[in-house]
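Since the structure comes first, as structure tokens, the remarks are kept for the end.
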Amino acid sequence: MARMPGAIWHPVRNFTKGGQDSVRGVVVHIMAGTLEGSQSWFNNPVAQASSHFGTGKAGALRQWVDTADRAWAQAAGNRTWLSVENEGQGGDTLTDEQLDDNAAVLAWAHKEYDVPLRLATGPGDRGLGYHAMGGSEWGGHTSCPGARIVAQLPDIVARAKKLVAGPTKEDTMPTPLDVWAYRNKAQDTAAKKKTGKGIPDAYGYLQQVAADSTALRTEVAALRKDIATLTGLIKKG
């Protein structure tokens, strides 16, 4: 039994129990439909189709078939490859969320089955593949997942490598956006007591400082004017 942590378990009825002979890699597919529609289809015995995993455009990653069992996604490739169906239509590109989910599956397959983090050149290779690369033996689906998604496969591999390696020092360094979004709690509390409004972030704090400086300059100018008036009256005696 192998279920991927982080993938939502939604078992379907179409699969071969204990039929996964080995795992050479992960095959990327396009559904030509929706996540819910595909899940319903994979529960229909007439369909004779299923997939180990599925992604939604908004980022929902589901596992439909245990990877110890054989899903029915790429004909002769079913016994030795895991499958990921992606919500969308032919000609689509994968969303950023789908790229992340496919990378997560590849990274997990690397840890679980020692799948290399590279592009597979064909059915006899190992790594990340796509449905059309199997040719007629994989059902002859020459438009699955489509050229635009095939062009995204290197990005999936790169993301998977990053997941396996973990965050680097560069990843954990604050970005300029992080700096501007910084909220000083002490200053925020003081501002709420003084004005009833908190300081939303560093930029807001600088805005508040600028406003206070302008108000202070106005007060100083008024005091100087009063002093000049008083000095004139004193001189007149």
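By convention in this document, the chains of the structure tokens carry letters A, B, ... by their order, each chain's residues are numbered from 1, and ligands are numbered from 1 in the order they are shown.
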
Near range 68-75 of chain A, within 9 Å and counting only C-alpha atoms, which residues show up once chain neighbours fewer than 3 positions away are dropped, as an MDAnalysis selection string? chainID A and resid 1:3 14:22 27 29 48:52 64:65 78:85 131 134 137:139 141

Using backbone DSSP assignments, extract all strand (DSSP E or B) residues from range 23-236 of chain A; output them as a list in words.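 Answer for range 23-236 of chain A restricted to strand (DSSP E or B) is Gly25, Val26, Val27, Val28, His29, Ile30, Gly33, Phe53, Gly54, Thr55, Leu61, Arg62, Gln63, Arg70, Trp81, Leu82, Ser83, Val84, Glu85, Asn86, Gly88, Leu119, Gly127, Leu128, Gly129 and Tyr130 of chain A.
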
Grab the residues selected above and save them as a compact mmCIF listing (two decimals), in the first residue's frame with C-alpha atoms.
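Result file selection.txt:
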```txt
# COMPACT_ATOMS: atom_id res chain seq x y z
CA GLY A 25 8.25 7.11 -13.51
CA VAL A 26 5.28 9.46 -13.66
CA VAL A 27 3.18 10.05 -16.79
CA VAL A 28 1.46 13.42 -17.31
CA HIS A 29 -2.01 13.44 -18.93
CA ILE A 30 -4.71 15.99 -19.77
CA GLY A 33 -12.62 17.50 -18.78
CA PHE A 53 -3.55 10.96 -9.31
CA GLY A 54 -5.52 13.96 -10.54
CA THR A 55 -5.04 17.72 -10.27
CA LEU A 61 -4.38 17.11 -5.75
CA ARG A 62 -6.27 13.83 -5.42
CA GLN A 63 -5.11 10.23 -5.29
CA ARG A 70 -2.56 -0.60 -11.38
CA TRP A 81 4.25 3.87 -14.72
CA LEU A 82 2.22 6.04 -12.36
CA SER A 83 -0.30 8.43 -13.93
CA VAL A 84 -1.42 12.00 -13.25
CA GLU A 85 -4.53 13.33 -14.99
CA ASN A 86 -4.74 17.13 -15.13
CA GLY A 88 -8.22 20.99 -18.66
CA LEU A 119 12.71 13.81 -18.30
CA GLY A 127 11.70 9.78 -14.94
CA LEU A 128 8.91 12.16 -15.92
CA GLY A 129 7.05 11.21 -19.08
CA TYR A 130 3.88 12.08 -20.95
```

Which parts of range 108-154 of chain A does DSSP call alpha helix (DSSP H) when run on the backbone here, written out as a list in words?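 Here is the list: Trp108, Ala109, His110, Lys111, Glu112, Tyr113, Ala147, Arg148, Ile149, Val150, Leu153 and Pro154 of chain A.
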
Could you check which of A:Arg13, A:Arg148, A:Lys192, A:Lys162 is closest to Asp100 in chain A, using only C-alpha atoms?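 Residue with the minimum atom-to-atom distance to Asp100 in chain A: A:Lys162.
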
Would you kindly return, as a PyMOL selection string, each protein, DNA or RNA residue with an atom no farther than 8 Å from any atom of Val105 in chain A, considering only C-alpha atoms and excluding same-chain residues fewer than 4 positions away? chain A and resi 4+26+101+109

Those residues you just picked out, can you put them in a file as a JSON list (two decimals), in the first residue's frame with all heavy atoms?
```json
[["chain", "number", "residue", "atom", "x", "y", "z"],
["A", 4, "MET", "N", 0.10, 8.80, -1.12],
["A", 4, "MET", "CA", 0.97, 9.97, -1.02],
["A", 4, "MET", "C", 0.48, 10.94, 0.03],
["A", 4, "MET", "O", -0.66, 11.41, -0.03],
["A", 4, "MET", "CB", 1.03, 10.66, -2.39],
["A", 4, "MET", "CG", 1.85, 11.93, -2.39],
["A", 4, "MET", "SD", 1.80, 12.74, -3.99],
["A", 4, "MET", "CE", 2.40, 14.38, -3.54],
["A", 26, "VAL", "N", 6.60, 8.82, -13.76],
["A", 26, "VAL", "CA", 5.28, 9.46, -13.66],
["A", 26, "VAL", "C", 4.89, 9.96, -15.05],
["A", 26, "VAL", "O", 5.69, 10.63, -15.72],
["A", 26, "VAL", "CB", 5.31, 10.64, -12.67],
["A", 26, "VAL", "CG1", 3.97, 11.35, -12.64],
["A", 26, "VAL", "CG2", 5.70, 10.15, -11.28],
["A", 101, "ASP", "N", 1.63, 20.62, -8.11],
["A", 101, "ASP", "CA", 1.10, 19.31, -7.73],
["A", 101, "ASP", "C", 1.78, 18.18, -8.49],
["A", 101, "ASP", "O", 2.08, 17.12, -7.93],
["A", 101, "ASP", "CB", -0.42, 19.27, -7.96],
["A", 101, "ASP", "CG", -1.19, 20.05, -6.91],
["A", 101, "ASP", "OD1", -0.61, 20.32, -5.83],
["A", 101, "ASP", "OD2", -2.36, 20.39, -7.15],
["A", 109, "ALA", "N", 7.45, 10.26, -5.75],
["A", 109, "ALA", "CA", 7.82, 9.02, -6.46],
["A", 109, "ALA", "C", 9.33, 8.81, -6.41],
["A", 109, "ALA", "O", 9.82, 7.67, -6.36],
["A", 109, "ALA", "CB", 7.34, 9.08, -7.90]]
```
